[in-house]
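Note: the block below is entry27.cif and it holds mmCIF, C-alpha atoms and all ligand atoms.
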data_target
loop_
_atom_site.label_atom_id
_atom_site.label_comp_id
_atom_site.auth_asym_id
_atom_site.auth_seq_id
_atom_site.Cartn_x
_atom_site.Cartn_y
_atom_site.Cartn_z
CA MET A 149 -83.23 -77.85 73.19
CA THR A 150 -80.10 -80.01 73.53
CA GLN A 151 -77.05 -78.68 71.76
CA GLU A 152 -75.57 -80.80 68.98
CA LYS A 153 -72.57 -82.86 70.21
CA VAL A 154 -69.43 -81.18 68.91
CA ARG A 155 -65.81 -82.35 68.66
CA LEU A 156 -63.47 -79.57 69.74
CA HIS A 157 -60.10 -79.03 68.05
CA ARG A 158 -58.51 -76.60 70.52
CA GLY A 159 -55.61 -74.69 69.01
CA LEU A 160 -56.65 -76.26 65.68
CA ARG A 161 -54.04 -78.90 66.53
CA ASP A 162 -53.46 -81.20 63.51
CA VAL A 163 -56.42 -79.62 61.69
CA TYR A 164 -55.81 -79.24 57.93
CA ILE A 165 -57.66 -76.15 56.64
CA ASP A 166 -56.53 -76.16 52.97
CA ARG A 167 -53.99 -77.37 50.43
CA THR A 168 -50.67 -75.67 49.67
CA GLN A 169 -47.74 -75.94 47.30
CA SER A 170 -45.51 -73.44 49.07
CA SER A 171 -43.90 -75.67 51.72
CA PHE A 172 -44.01 -79.24 52.96
CA ILE A 173 -43.32 -80.08 56.60
CA ASP A 174 -42.84 -83.63 57.90
CA GLY A 175 -42.90 -83.09 61.66
CA LYS A 176 -42.07 -86.71 62.50
CA ILE A 177 -38.67 -86.77 60.80
CA GLY A 178 -37.98 -83.03 60.80
CA LYS A 179 -38.13 -82.36 57.06
CA LEU A 180 -38.94 -79.05 55.34
CA LEU A 181 -39.27 -78.32 51.61
CA TYR A 182 -39.90 -74.96 49.94
CA ARG A 183 -41.71 -75.63 46.63
CA GLY A 184 -40.24 -79.14 46.67
CA TYR A 185 -36.64 -78.12 47.41
CA ASN A 186 -35.10 -79.32 50.69
CA ILE A 187 -34.28 -76.58 53.20
CA ASP A 188 -30.86 -78.21 53.69
CA ASP A 189 -30.00 -77.50 50.05
CA LEU A 190 -31.48 -74.00 50.07
CA ALA A 191 -29.85 -72.98 53.36
CA GLU A 192 -26.39 -73.94 52.12
CA ASN A 193 -26.71 -72.86 48.46
CA ALA A 194 -29.48 -70.30 47.86
CA SER A 195 -29.47 -66.60 48.71
CA PHE A 196 -32.51 -64.99 50.31
CA GLU A 197 -33.22 -63.24 46.98
CA GLU A 198 -33.18 -66.61 45.21
CA THR A 199 -35.43 -68.11 47.89
CA ILE A 200 -37.95 -65.27 47.67
CA TYR A 201 -38.07 -65.75 43.88
CA LEU A 202 -38.64 -69.50 44.32
CA LEU A 203 -41.49 -68.90 46.78
CA LEU A 204 -43.17 -66.14 44.75
CA TYR A 205 -42.71 -67.58 41.25
CA SER A 206 -42.66 -71.34 42.08
CA LYS A 207 -39.34 -71.94 40.32
CA LEU A 208 -35.63 -71.40 40.89
CA PRO A 209 -34.60 -68.32 38.85
CA THR A 210 -32.08 -68.29 36.02
CA GLN A 211 -29.22 -65.84 36.55
CA SER A 212 -30.91 -63.19 34.37
CA GLU A 213 -34.25 -63.67 36.20
CA LEU A 214 -32.46 -63.35 39.54
CA ASP A 215 -30.58 -60.22 38.44
CA ALA A 216 -33.82 -58.54 37.33
CA PHE A 217 -35.60 -59.59 40.55
CA ASP A 218 -32.71 -58.33 42.67
CA ALA A 219 -32.82 -54.97 40.88
CA ASP A 220 -36.58 -54.77 41.56
CA LEU A 221 -36.05 -55.45 45.29
CA LYS A 222 -33.30 -52.81 45.47
CA ALA A 223 -35.47 -50.27 43.64
CA ASN A 224 -38.06 -50.63 46.41
CA ARG A 225 -35.85 -50.34 49.51
CA ALA A 226 -36.28 -46.60 50.05
CA LEU A 227 -39.14 -45.29 52.24
CA PRO A 228 -41.63 -42.52 51.48
CA GLU A 229 -40.67 -39.52 53.67
CA ALA A 230 -44.04 -39.78 55.48
CA ILE A 231 -43.13 -43.29 56.65
CA VAL A 232 -39.85 -41.99 58.10
CA GLU A 233 -41.93 -39.33 59.87
CA ILE A 234 -44.23 -42.04 61.31
CA ILE A 235 -41.13 -43.88 62.58
CA ARG A 236 -39.96 -40.67 64.25
CA LEU A 237 -43.39 -40.19 65.88
CA THR A 238 -43.44 -43.78 67.21
CA LYS A 239 -39.69 -44.10 67.96
CA ASP A 240 -40.18 -44.99 71.65
CA ALA A 241 -42.35 -48.04 70.86
CA HIS A 242 -41.06 -51.65 70.58
CA PRO A 243 -39.43 -52.25 67.16
CA MET A 244 -42.17 -54.73 66.22
CA ASP A 245 -44.84 -52.13 67.00
CA VAL A 246 -42.97 -49.62 64.82
CA LEU A 247 -42.58 -52.19 62.01
CA ARG A 248 -46.28 -53.13 62.20
CA THR A 249 -47.34 -49.47 62.19
CA ALA A 250 -45.01 -48.43 59.38
CA ILE A 251 -45.84 -51.43 57.17
CA SER A 252 -49.54 -50.71 57.70
CA ALA A 253 -49.01 -47.04 56.77
CA THR A 254 -47.26 -47.94 53.49
CA ALA A 255 -50.76 -48.88 52.27
CA ALA A 256 -51.38 -45.15 51.85
CA TYR A 257 -48.53 -44.92 49.32
CA ASP A 258 -48.94 -48.16 47.37
CA PRO A 259 -50.80 -47.67 44.05
CA ASP A 260 -51.80 -51.36 44.04
CA VAL A 261 -53.16 -51.46 47.61
CA ALA A 262 -56.79 -52.29 46.65
CA ASP A 263 -55.82 -54.73 43.89
CA ASN A 264 -55.88 -58.35 45.12
CA SER A 265 -54.83 -59.84 41.79
CA HIS A 266 -51.89 -62.25 41.69
CA GLU A 267 -49.75 -59.77 39.73
CA ALA A 268 -50.51 -56.89 42.14
CA ASN A 269 -49.76 -59.08 45.16
CA LEU A 270 -46.42 -60.06 43.64
CA ARG A 271 -45.56 -56.36 43.24
CA LYS A 272 -46.74 -55.53 46.77
CA GLY A 273 -44.95 -58.52 48.29
CA VAL A 274 -41.68 -57.31 46.72
CA ARG A 275 -42.24 -53.76 48.01
CA LEU A 276 -43.03 -54.89 51.58
CA THR A 277 -40.10 -57.33 51.66
CA ALA A 278 -37.76 -54.64 50.34
CA MET A 279 -38.91 -51.89 52.76
CA ALA A 280 -39.02 -53.90 55.97
CA PRO A 281 -35.24 -53.81 56.69
CA THR A 282 -35.18 -50.09 55.89
CA ILE A 283 -37.98 -49.49 58.42
CA VAL A 284 -36.30 -51.57 61.16
CA ALA A 285 -32.86 -49.98 60.61
CA ALA A 286 -34.26 -46.45 60.33
CA HIS A 287 -36.03 -46.91 63.67
CA ALA A 288 -32.83 -48.20 65.30
CA GLN A 289 -30.97 -45.10 64.10
CA ILE A 290 -33.74 -42.62 64.99
CA ARG A 291 -34.24 -43.98 68.55
CA ASN A 292 -30.50 -43.43 69.05
CA GLY A 293 -30.83 -39.82 67.93
CA LYS A 294 -29.30 -40.40 64.50
CA ASP A 295 -30.56 -39.98 60.94
CA PRO A 296 -31.52 -43.11 58.97
CA VAL A 297 -28.78 -44.57 56.76
CA GLU A 298 -29.78 -44.62 53.07
CA PRO A 299 -29.87 -48.12 51.50
CA ASP A 300 -26.69 -49.18 49.67
CA LEU A 301 -27.65 -50.71 46.31
CA GLU A 302 -24.26 -52.42 46.06
CA LEU A 303 -25.16 -54.70 48.97
CA ASN A 304 -27.57 -57.64 48.98
CA HIS A 305 -30.71 -57.67 51.15
CA ALA A 306 -29.00 -59.02 54.27
CA GLY A 307 -25.79 -57.01 53.92
CA ASN A 308 -27.73 -53.82 53.30
CA PHE A 309 -29.78 -54.42 56.47
CA LEU A 310 -26.61 -54.67 58.60
CA TYR A 311 -25.17 -51.63 56.79
CA MET A 312 -28.26 -49.48 57.52
CA LEU A 313 -28.40 -50.80 61.09
CA PHE A 314 -24.77 -50.10 62.04
CA GLY A 315 -23.83 -47.39 59.54
CA GLU A 316 -20.85 -49.32 58.21
CA ARG A 317 -20.36 -52.05 55.63
CA PRO A 318 -20.65 -55.44 57.35
CA ASP A 319 -18.11 -58.28 57.42
CA PRO A 320 -19.25 -60.43 54.44
CA ARG A 321 -19.34 -63.44 56.79
CA ASP A 322 -21.84 -61.65 59.04
CA ALA A 323 -23.98 -60.69 56.03
CA ALA A 324 -23.92 -64.31 54.86
CA LEU A 325 -25.19 -65.41 58.30
CA ILE A 326 -28.18 -63.04 58.17
CA ASP A 327 -28.84 -64.04 54.56
CA LYS A 328 -29.05 -67.69 55.62
CA ASP A 329 -31.20 -66.74 58.62
CA PHE A 330 -33.66 -65.02 56.26
CA VAL A 331 -33.75 -68.14 54.05
CA LEU A 332 -34.50 -70.33 57.08
CA HIS A 333 -37.31 -68.05 58.29
CA ALA A 334 -38.88 -67.33 54.88
CA GLU A 335 -41.86 -69.72 54.88
CA HIS A 336 -43.34 -72.37 57.13
CA GLY A 337 -46.89 -73.26 56.11
CA VAL A 338 -49.86 -72.13 58.16
CA ASN A 339 -48.09 -71.19 61.40
CA ALA A 340 -49.95 -68.79 63.65
CA SER A 341 -48.86 -65.60 61.86
CA SER A 342 -49.48 -67.05 58.39
CA PHE A 343 -52.88 -68.27 59.61
CA GLY A 344 -53.66 -64.71 60.71
CA ALA A 345 -52.61 -63.42 57.30
CA ARG A 346 -54.82 -66.04 55.62
CA VAL A 347 -57.81 -65.03 57.79
CA ALA A 348 -57.37 -61.44 56.58
CA ALA A 349 -57.21 -62.61 52.95
CA SER A 350 -60.22 -64.88 53.49
CA THR A 351 -62.40 -61.78 54.09
CA GLN A 352 -60.90 -60.29 50.87
CA ALA A 353 -58.92 -57.71 52.82
CA ASP A 354 -55.67 -56.75 51.06
CA LEU A 355 -52.05 -57.86 51.40
CA HIS A 356 -51.13 -54.84 53.57
CA CYS A 357 -53.84 -55.88 56.07
CA ALA A 358 -52.63 -59.48 55.94
CA VAL A 359 -48.93 -58.69 56.46
CA THR A 360 -49.80 -56.22 59.24
CA THR A 361 -51.78 -59.05 60.87
CA GLY A 362 -48.84 -61.43 60.42
CA ILE A 363 -46.46 -59.01 62.16
CA ALA A 364 -48.93 -58.54 65.02
CA VAL A 365 -49.35 -62.29 65.56
CA LEU A 366 -45.62 -63.05 65.20
CA LYS A 367 -44.77 -60.79 68.16
CA GLY A 368 -45.88 -63.29 70.81
CA PRO A 369 -43.08 -65.25 72.61
CA ALA A 370 -44.90 -68.52 71.84
CA HIS A 371 -44.21 -67.80 68.16
CA GLY A 372 -41.70 -65.28 66.88
CA GLY A 373 -40.56 -63.83 70.18
CA ALA A 374 -38.66 -66.93 71.29
CA ALA A 375 -35.19 -66.00 70.00
CA GLU A 376 -34.98 -63.02 72.35
CA GLU A 377 -36.12 -65.22 75.26
CA VAL A 378 -33.53 -67.91 74.44
CA MET A 379 -30.70 -65.39 74.67
CA LYS A 380 -32.14 -64.00 77.91
CA MET A 381 -32.11 -67.57 79.25
CA ALA A 382 -28.47 -68.07 78.18
CA LEU A 383 -27.47 -64.78 79.87
CA GLU A 384 -29.31 -65.81 83.07
CA ILE A 385 -27.62 -69.23 83.02
CA GLY A 386 -24.26 -67.47 82.71
CA ASN A 387 -22.05 -70.56 82.47
CA GLU A 388 -22.22 -74.21 81.38
CA GLU A 389 -22.21 -75.57 84.95
CA ASN A 390 -25.37 -73.64 85.77
CA ALA A 391 -27.32 -74.87 82.73
CA GLY A 392 -28.50 -78.09 84.41
CA PRO A 393 -29.84 -76.57 87.65
CA TYR A 394 -31.43 -73.70 85.69
CA VAL A 395 -33.28 -75.88 83.18
CA ARG A 396 -34.36 -78.48 85.73
CA ASN A 397 -35.74 -75.75 87.99
CA LEU A 398 -37.54 -74.14 85.06
CA VAL A 399 -39.31 -77.27 83.83
CA GLU A 400 -40.03 -78.56 87.35
CA HIS A 401 -42.02 -75.38 87.91
CA GLY A 402 -43.96 -75.86 84.67
CA GLY A 403 -41.90 -73.34 82.73
CA ARG A 404 -41.10 -73.57 79.03
CA VAL A 405 -37.55 -73.80 77.71
CA MET A 406 -37.70 -71.20 74.96
CA GLY A 407 -36.46 -72.34 71.55
CA PHE A 408 -37.74 -75.84 72.34
CA GLY A 409 -40.93 -77.55 71.27
CA HIS A 410 -43.09 -77.06 68.22
CA ARG A 411 -46.71 -77.63 67.24
CA VAL A 412 -45.67 -79.71 64.20
CA TYR A 413 -42.07 -80.90 64.66
CA ARG A 414 -41.61 -83.93 66.91
CA ALA A 415 -37.98 -84.19 65.82
CA VAL A 416 -35.28 -81.52 65.65
CA ASP A 417 -36.39 -78.58 63.50
CA PRO A 418 -34.15 -78.97 60.42
CA ARG A 419 -33.66 -75.19 60.29
CA SER A 420 -32.00 -75.14 63.74
CA VAL A 421 -29.23 -77.52 62.55
CA HIS A 422 -27.93 -74.92 60.07
CA LEU A 423 -27.95 -72.15 62.67
CA ARG A 424 -26.21 -74.40 65.24
CA ASP A 425 -23.03 -74.73 63.14
CA ASP A 426 -23.09 -71.00 62.40
CA ALA A 427 -23.55 -70.09 66.07
CA ARG A 428 -20.50 -72.19 67.03
CA GLU A 429 -18.31 -70.65 64.29
CA LEU A 430 -19.46 -67.11 65.04
CA GLY A 431 -18.88 -67.52 68.78
CA GLU A 432 -15.31 -68.67 68.12
CA ARG A 433 -14.72 -65.85 65.59
CA LYS A 434 -16.02 -63.24 68.04
CA GLY A 435 -14.03 -64.70 70.95
CA GLN A 436 -17.21 -65.60 72.86
CA PRO A 437 -17.56 -69.41 72.58
CA LYS A 438 -19.36 -69.64 75.90
CA TRP A 439 -22.86 -68.88 74.58
CA PHE A 440 -22.76 -71.80 72.15
CA SER A 441 -21.41 -74.04 74.93
CA ILE A 442 -24.26 -73.03 77.24
CA LEU A 443 -26.87 -73.70 74.54
CA GLN A 444 -25.30 -77.06 73.71
CA GLU A 445 -25.47 -77.94 77.42
CA VAL A 446 -29.18 -77.04 77.44
CA ILE A 447 -29.72 -79.41 74.52
CA GLU A 448 -27.94 -82.18 76.44
CA ILE A 449 -30.09 -81.60 79.51
CA MET A 450 -33.28 -81.53 77.41
CA GLN A 451 -32.43 -84.90 75.80
CA PRO A 452 -35.12 -86.77 77.84
CA TYR A 453 -37.70 -84.33 76.44
CA SER A 454 -36.71 -85.14 72.87
CA ARG A 455 -38.25 -88.60 73.43
CA ARG A 456 -41.53 -86.70 73.98
CA GLY A 457 -41.02 -84.80 70.75
CA ILE A 458 -39.80 -81.62 72.45
CA CYS A 459 -36.67 -80.65 70.50
CA GLN A 460 -34.92 -77.44 69.57
CA ASN A 461 -36.65 -75.26 66.98
CA VAL A 462 -35.56 -72.54 64.56
CA ASP A 463 -35.32 -69.93 67.31
CA PHE A 464 -32.94 -71.82 69.58
CA PHE A 465 -29.66 -70.67 68.02
CA SER A 466 -30.80 -67.59 66.09
CA GLY A 467 -30.84 -65.46 69.25
CA ALA A 468 -27.19 -66.27 69.99
CA ILE A 469 -26.23 -65.35 66.41
CA TYR A 470 -27.99 -61.98 66.61
CA TYR A 471 -26.44 -61.31 70.04
CA LEU A 472 -22.94 -62.10 68.78
CA LEU A 473 -23.56 -59.74 65.85
CA ASP A 474 -24.27 -56.99 68.43
CA ILE A 475 -27.88 -56.66 67.24
CA PRO A 476 -30.06 -55.19 70.05
CA ASP A 477 -32.21 -57.97 71.56
CA ASP A 478 -35.51 -56.17 70.94
CA LEU A 479 -34.72 -56.35 67.20
CA PHE A 480 -34.43 -60.16 67.14
CA ILE A 481 -38.10 -60.70 66.37
CA SER A 482 -38.05 -57.99 63.69
CA ILE A 483 -35.41 -60.04 61.84
CA PHE A 484 -37.78 -63.01 61.88
CA ALA A 485 -40.53 -60.74 60.48
CA MET A 486 -38.26 -59.44 57.69
CA GLY A 487 -37.54 -63.00 56.62
CA ARG A 488 -41.18 -64.10 56.80
CA ILE A 489 -42.81 -61.45 54.59
CA PRO A 490 -42.35 -63.61 51.45
CA GLY A 491 -44.00 -66.53 53.28
CA TRP A 492 -46.98 -64.41 54.33
CA THR A 493 -47.25 -63.13 50.75
CA VAL A 494 -47.27 -66.66 49.33
CA GLN A 495 -49.85 -67.89 51.84
CA VAL A 496 -52.11 -64.91 51.04
CA MET A 497 -51.79 -65.48 47.27
CA GLU A 498 -52.75 -69.13 47.76
CA GLN A 499 -55.73 -68.10 49.89
CA PHE A 500 -56.92 -65.71 47.15
CA GLU A 501 -56.52 -68.35 44.43
CA ASN A 502 -59.29 -70.51 45.91
CA ASN A 503 -60.72 -68.26 48.57
CA ILE A 504 -63.12 -69.29 51.34
CA LEU A 505 -64.01 -67.37 54.48
CA LEU A 506 -62.05 -68.76 57.47
CA ARG A 507 -64.67 -68.80 60.21
CA PRO A 508 -64.46 -71.62 62.79
CA ARG A 509 -66.99 -72.00 65.62
CA LEU A 510 -67.06 -72.07 69.44
CA GLU A 511 -69.03 -74.46 71.58
CA TYR A 512 -71.29 -72.34 73.81
CA THR A 513 -71.32 -73.45 77.46
CA GLY A 514 -73.08 -70.44 79.02
CA PRO A 515 -76.69 -70.12 80.36
CA MET A 516 -79.60 -70.42 77.94
CA ASP A 517 -82.84 -68.37 77.41
CA LEU A 518 -82.67 -66.19 80.55
CA GLU A 519 -85.61 -63.84 81.23
CA TYR A 520 -84.71 -60.14 80.78
CA VAL A 521 -84.96 -58.22 84.12
CA LYS A 522 -85.81 -54.50 84.01
CA MET A 523 -83.31 -52.14 85.72
CA GLY A 524 -85.69 -51.32 88.61
CA ASP A 525 -86.18 -55.02 89.35
CA ARG A 526 -82.48 -55.86 89.58
CA ASP A 527 -80.84 -56.32 92.96
C1 LIG B 601 -41.98 -70.78 65.88
O1 LIG B 601 -45.78 -73.14 63.87
C2 LIG B 601 -44.65 -72.80 63.27
O2 LIG B 601 -44.32 -73.24 62.18
C3 LIG B 601 -43.87 -71.77 64.03
C4 LIG B 601 -42.46 -71.52 63.50
C5 LIG B 601 -42.46 -70.84 62.15
O3 LIG B 601 -41.48 -70.98 61.41
O4 LIG B 601 -43.43 -70.04 61.90
O5 LIG B 601 -41.74 -72.73 63.45
C6 LIG B 601 -41.69 -70.56 64.44
O6 LIG B 601 -42.89 -70.20 66.38
C7 LIG B 601 -41.15 -71.77 66.66
C8 LIG B 601 -41.64 -71.90 68.12
C9 LIG B 601 -41.01 -70.76 68.94
N1 LIG B 601 -41.57 -70.77 70.32
C10 LIG B 601 -40.86 -71.21 71.37
O7 LIG B 601 -39.74 -71.72 71.29
C11 LIG B 601 -41.58 -71.03 72.71
C12 LIG B 601 -41.41 -72.29 73.56
N2 LIG B 601 -42.19 -73.39 72.93
C13 LIG B 601 -43.49 -73.65 73.48
O8 LIG B 601 -44.19 -72.58 74.05
C14 LIG B 601 -44.30 -74.64 72.67
O9 LIG B 601 -43.47 -75.69 72.35
C15 LIG B 601 -45.01 -74.17 71.40
C16 LIG B 601 -45.90 -73.02 71.68
C17 LIG B 601 -44.01 -73.80 70.36
C18 LIG B 601 -45.85 -75.34 70.88
O10 LIG B 601 -46.75 -75.64 71.86
P1 LIG B 601 -47.97 -76.68 71.65
O11 LIG B 601 -47.87 -77.37 70.35
O12 LIG B 601 -49.24 -75.97 71.96
O13 LIG B 601 -47.66 -77.79 72.70
P2 LIG B 601 -48.14 -77.73 74.20
O14 LIG B 601 -47.97 -76.36 74.72
O15 LIG B 601 -49.49 -78.36 74.28
O16 LIG B 601 -47.07 -78.67 74.95
C19 LIG B 601 -47.22 -80.09 74.86
C20 LIG B 601 -46.42 -80.64 76.04
C21 LIG B 601 -46.77 -79.94 77.34
O17 LIG B 601 -46.57 -80.85 78.37
P3 LIG B 601 -47.88 -81.41 79.16
O18 LIG B 601 -48.60 -80.18 79.68
O19 LIG B 601 -48.71 -82.11 78.08
O20 LIG B 601 -47.32 -82.30 80.21
O21 LIG B 601 -45.02 -80.38 75.82
C22 LIG B 601 -44.53 -79.52 76.84
C23 LIG B 601 -45.74 -78.84 77.47
O22 LIG B 601 -45.48 -78.54 78.82
N3 LIG B 601 -43.70 -78.49 76.21
C24 LIG B 601 -42.59 -77.99 76.75
C25 LIG B 601 -42.12 -77.06 75.81
N4 LIG B 601 -42.93 -77.02 74.75
C26 LIG B 601 -43.92 -77.92 75.01
N5 LIG B 601 -41.97 -78.22 77.93
C27 LIG B 601 -40.85 -77.50 78.17
N6 LIG B 601 -40.32 -76.58 77.31
C28 LIG B 601 -40.94 -76.33 76.13
N7 LIG B 601 -40.43 -75.43 75.29
#
The structure given in the file should be rewritten as structure tokens.
Amino acid sequence: MTQEKVRLHRGLRDVYIDRTQSSFIDGKIGKLLYRGYNIDDLAENASFEETIYLLLYSKLPTQSELDAFDADLKANRALPEAIVEIIRLTKDAHPMDVLRTAISATAAYDPDVADNSHEANLRKGVRLTAMAPTIVAAHAQIRNGKDPVEPDLELNHAGNFLYMLFGERPDPRDAALIDKDFVLHAEHGVNASSFGARVAASTQADLHCAVTTGIAVLKGPAHGGAAEEVMKMALEIGNEENAGPYVRNLVEHGGRVMGFGHRVYRAVDPRSVHLRDDARELGERKGQPKWFSILQEVIEIMQPYSRRGICQNVDFFSGAIYYLLDIPDDLFISIFAMGRIPGWTVQVMEQFENNILLRPRLEYTGPMDLEYVKMGDRD
């Protein structure tokens, strides 16, 4: 029996699996819209709270809508005591493993967990978005032998994260940087982690399963883990002069320059442009301009690759920003996850609205119809 001829789409490259209204990406020119609004406008004008509202409710909020939404987020920051206990029990694990485990465990305390309705998913998406920074910061405190810092309802989402992480009110400029970083990471179509979340929703599993899946998938360095690797690269390079030899050696041996390349963008990722200016300003403010200079030198050296569509992506400068804010490097990816929970929520709600099981196929290339050999006859 000859097998039907199949056309493989490895990595699902350029395969469209559904329609969406959450974000538009033009990879050729490096354009990104959230619900029709350009990321350049949102990054420079909208708060993360405003951006979450836009993504979840498909409209920019009025001031009174934003105030009510902000109050709802704040009301959901605190963790059930059992979740803090789970963080204590898993404190020696990687922060992303703790976040994934704790987020998964919140399912046991969410009254809406089994309800996949749009309204229930909105409530759950708010709760998960609100709790994530509290989980990450509580773990950072506990692994250093300290008690978690209670959320400060006077501070916005980003400022409160830095407050709980360091135990002191942040410089408003630092909080504004993390707020913008959350905006830039909030949603990006059916990237690998959002695809994982959609697969979970396609089987009619719930939002907690889907977000737990998203966190698990995001952890890989080919996806969310790049920011940490970019900063490791900058530290290994050490100075501008060494950037050229380092990068050339890396690519000549088939290595990947982390923070470069993208499955969809063939031009500069528009999100990286906003973080570039912030990384330069922060480096100067913190008296450490060299990291920005090293990264700029890497961009210069990678110029020939840009002609092949290999340009810097959202993770290229974010690692330097987190490093200059004294955030431990194993928390970099957790910051990406905190920002992306609204995006996973939106993708899951869209999947539920017109659900279909996501179940691709594999072309079998193994042996066919072998005769079964009894144990005693095997050699
Ligand atoms: C994110 O999808 C999203 O939307 C993701 C994201 C989001 O918001 O959710 O934007 C966030 O994940 C950004 C990407 C972060 N990852 C990294 O920075 C890791 C380094 N980048 C690469 O590993 C890579 O670019 C990927 C994984 C991001 C994309 O890889 P693809 O699309 O599978 O492309 P590929 O591996 O087939 O590479 C195509 C060619 C290859 O050359 P050839 O073998 O054909 O000669 O481009 C080369 C690659 O060698 N290439 C690179 C490179 N990335 C691709 N060469 C050097 N350095 C790189 N970074």
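Proximity ranking of A:Ala349, A:Ala223, A:Met516, A:Met381 relative to ligand LIG 601 (chain B) places A:Met381 first, based on only C-alpha atoms and all ligand atoms.
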Item checked: Site check for ligand LIG 601 (chain B): residues at most 6 Å away, only C-alpha atoms and all ligand atoms, as a list of chain:residue names -> A:His333, A:His336, A:Asn339, A:Pro369, A:Ala370, A:His371, A:Gly372, A:Ala374, A:Val399, A:Arg404, A:Val405, A:Met406, A:Gly407, A:Phe408, A:Gly409, A:His410, A:Arg411, A:Asn461, A:Asp463
Taking C-alpha atoms for each residue, export the selection above as a compact mmCIF listing (two decimals), in the frame of the given file.
# COMPACT_ATOMS: atom_id res chain seq x y z
CA HIS A 333 -37.31 -68.05 58.29
CA HIS A 336 -43.34 -72.37 57.13
CA ASN A 339 -48.09 -71.19 61.40
CA PRO A 369 -43.08 -65.25 72.61
CA ALA A 370 -44.90 -68.52 71.84
CA HIS A 371 -44.21 -67.80 68.16
CA GLY A 372 -41.70 -65.28 66.88
CA ALA A 374 -38.66 -66.93 71.29
CA VAL A 399 -39.31 -77.27 83.83
CA ARG A 404 -41.10 -73.57 79.03
CA VAL A 405 -37.55 -73.80 77.71
CA MET A 406 -37.70 -71.20 74.96
CA GLY A 407 -36.46 -72.34 71.55
CA PHE A 408 -37.74 -75.84 72.34
CA GLY A 409 -40.93 -77.55 71.27
CA HIS A 410 -43.09 -77.06 68.22
CA ARG A 411 -46.71 -77.63 67.24
CA ASN A 461 -36.65 -75.26 66.98
CA ASP A 463 -35.32 -69.93 67.31
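Put simply, atom CA of Pro281 of chain A is 15.0 Å away from atom CA of Thr360 of chain A.
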Check: Near segment 253-263 of chain A, within 12 Å and counting only C-alpha atoms, which residues show up once chain neighbours fewer than 2 positions away are dropped, as a PyMOL selection string?
Finding: chain A and resi 224+226-235+246-251+265-277+279-280+283+352-360+497+500
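Atom pair atom CA of Val412 of chain A / atom CA of Gly175 of chain A has a distance of 5.1 Å (rounded to one decimal).
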Item checked: Nearest to Leu383 of chain A by atom-to-atom distance, counting all atoms listed in the file, from A:Leu430, A:Met312, A:Ala324, A:Ile442 -> A:Ile442
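Across the model, the gap from atom CA of Val284 of chain A to atom CA of Leu303 of chain A is 16.8 Å.
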Margin query: Could you list, as a PyMOL selection string, every residue within 12 Å of Tyr182 of chain A, counting all atoms listed in the file and ignoring same-chain residues fewer than 2 positions away?
Written below: chain A and resi 168-173+179-180+184-191+194+198-208+331-337+490-491+494
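Non-sequential neighbours of Asn502 of chain A (distance at most 10 Å, separation of 4 or more positions within a chain, all atoms listed in the file) are Asp166, Arg167, Ser350, Met497 and Glu498 of chain A.
For the set A:Lys176, A:Arg161, A:Ala278, A:Ala375, the residue with the smallest atom-to-atom gap to Arg456 of chain A is A:Lys176, counting only C-alpha atoms.
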Check: Between A:Val347, A:Val338, A:Val365, A:Ala286, which has the minimum distance to Ala485 of chain A (counting all atoms listed in the file)?
Finding: A:Val365
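Considering all atoms listed in the file, the residue among A:Gln499, A:Asn308, A:Ser466, A:Thr238 positioned nearest to Lys222 of chain A is A:Asn308.
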Next item on the list: Could you tell me which of A:Val163, A:Gly178, A:Trp492, A:Glu152 comes closest to Pro508 of chain A if we count all atoms listed in the file?
Entry: A:Val163
Scan for residues within 9 Å of the point (-21.9, -51.1, 49.4) in the coordinates of the file, using all atoms listed in the file, and reply as a PDB file with C-alpha atoms, in the coordinates of the input.
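As written to disk, selection-v3.pdb reads:
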ATOM      1  CA  PRO A 299     -29.870 -48.120  51.500  1.00  0.00           C
ATOM      2  CA  ASP A 300     -26.690 -49.180  49.670  1.00  0.00           C
ATOM      3  CA  LEU A 301     -27.650 -50.710  46.310  1.00  0.00           C
ATOM      4  CA  GLU A 302     -24.260 -52.420  46.060  1.00  0.00           C
ATOM      5  CA  LEU A 303     -25.160 -54.700  48.970  1.00  0.00           C
ATOM      6  CA  ASN A 304     -27.570 -57.640  48.980  1.00  0.00           C
ATOM      7  CA  GLY A 307     -25.790 -57.010  53.920  1.00  0.00           C
ATOM      8  CA  ASN A 308     -27.730 -53.820  53.300  1.00  0.00           C
ATOM      9  CA  TYR A 311     -25.170 -51.630  56.790  1.00  0.00           C
ATOM     10  CA  ARG A 317     -20.360 -52.050  55.630  1.00  0.00           C
TER      11      ARG A 317
END
Next item on the list: Give me the residues within 12 Å of Arg507 of chain A as a PyMOL selection string, counting only C-alpha atoms and dropping any in the same chain fewer than 4 places off.
Entry: chain A and resi 165+343-344+346-348+350-351
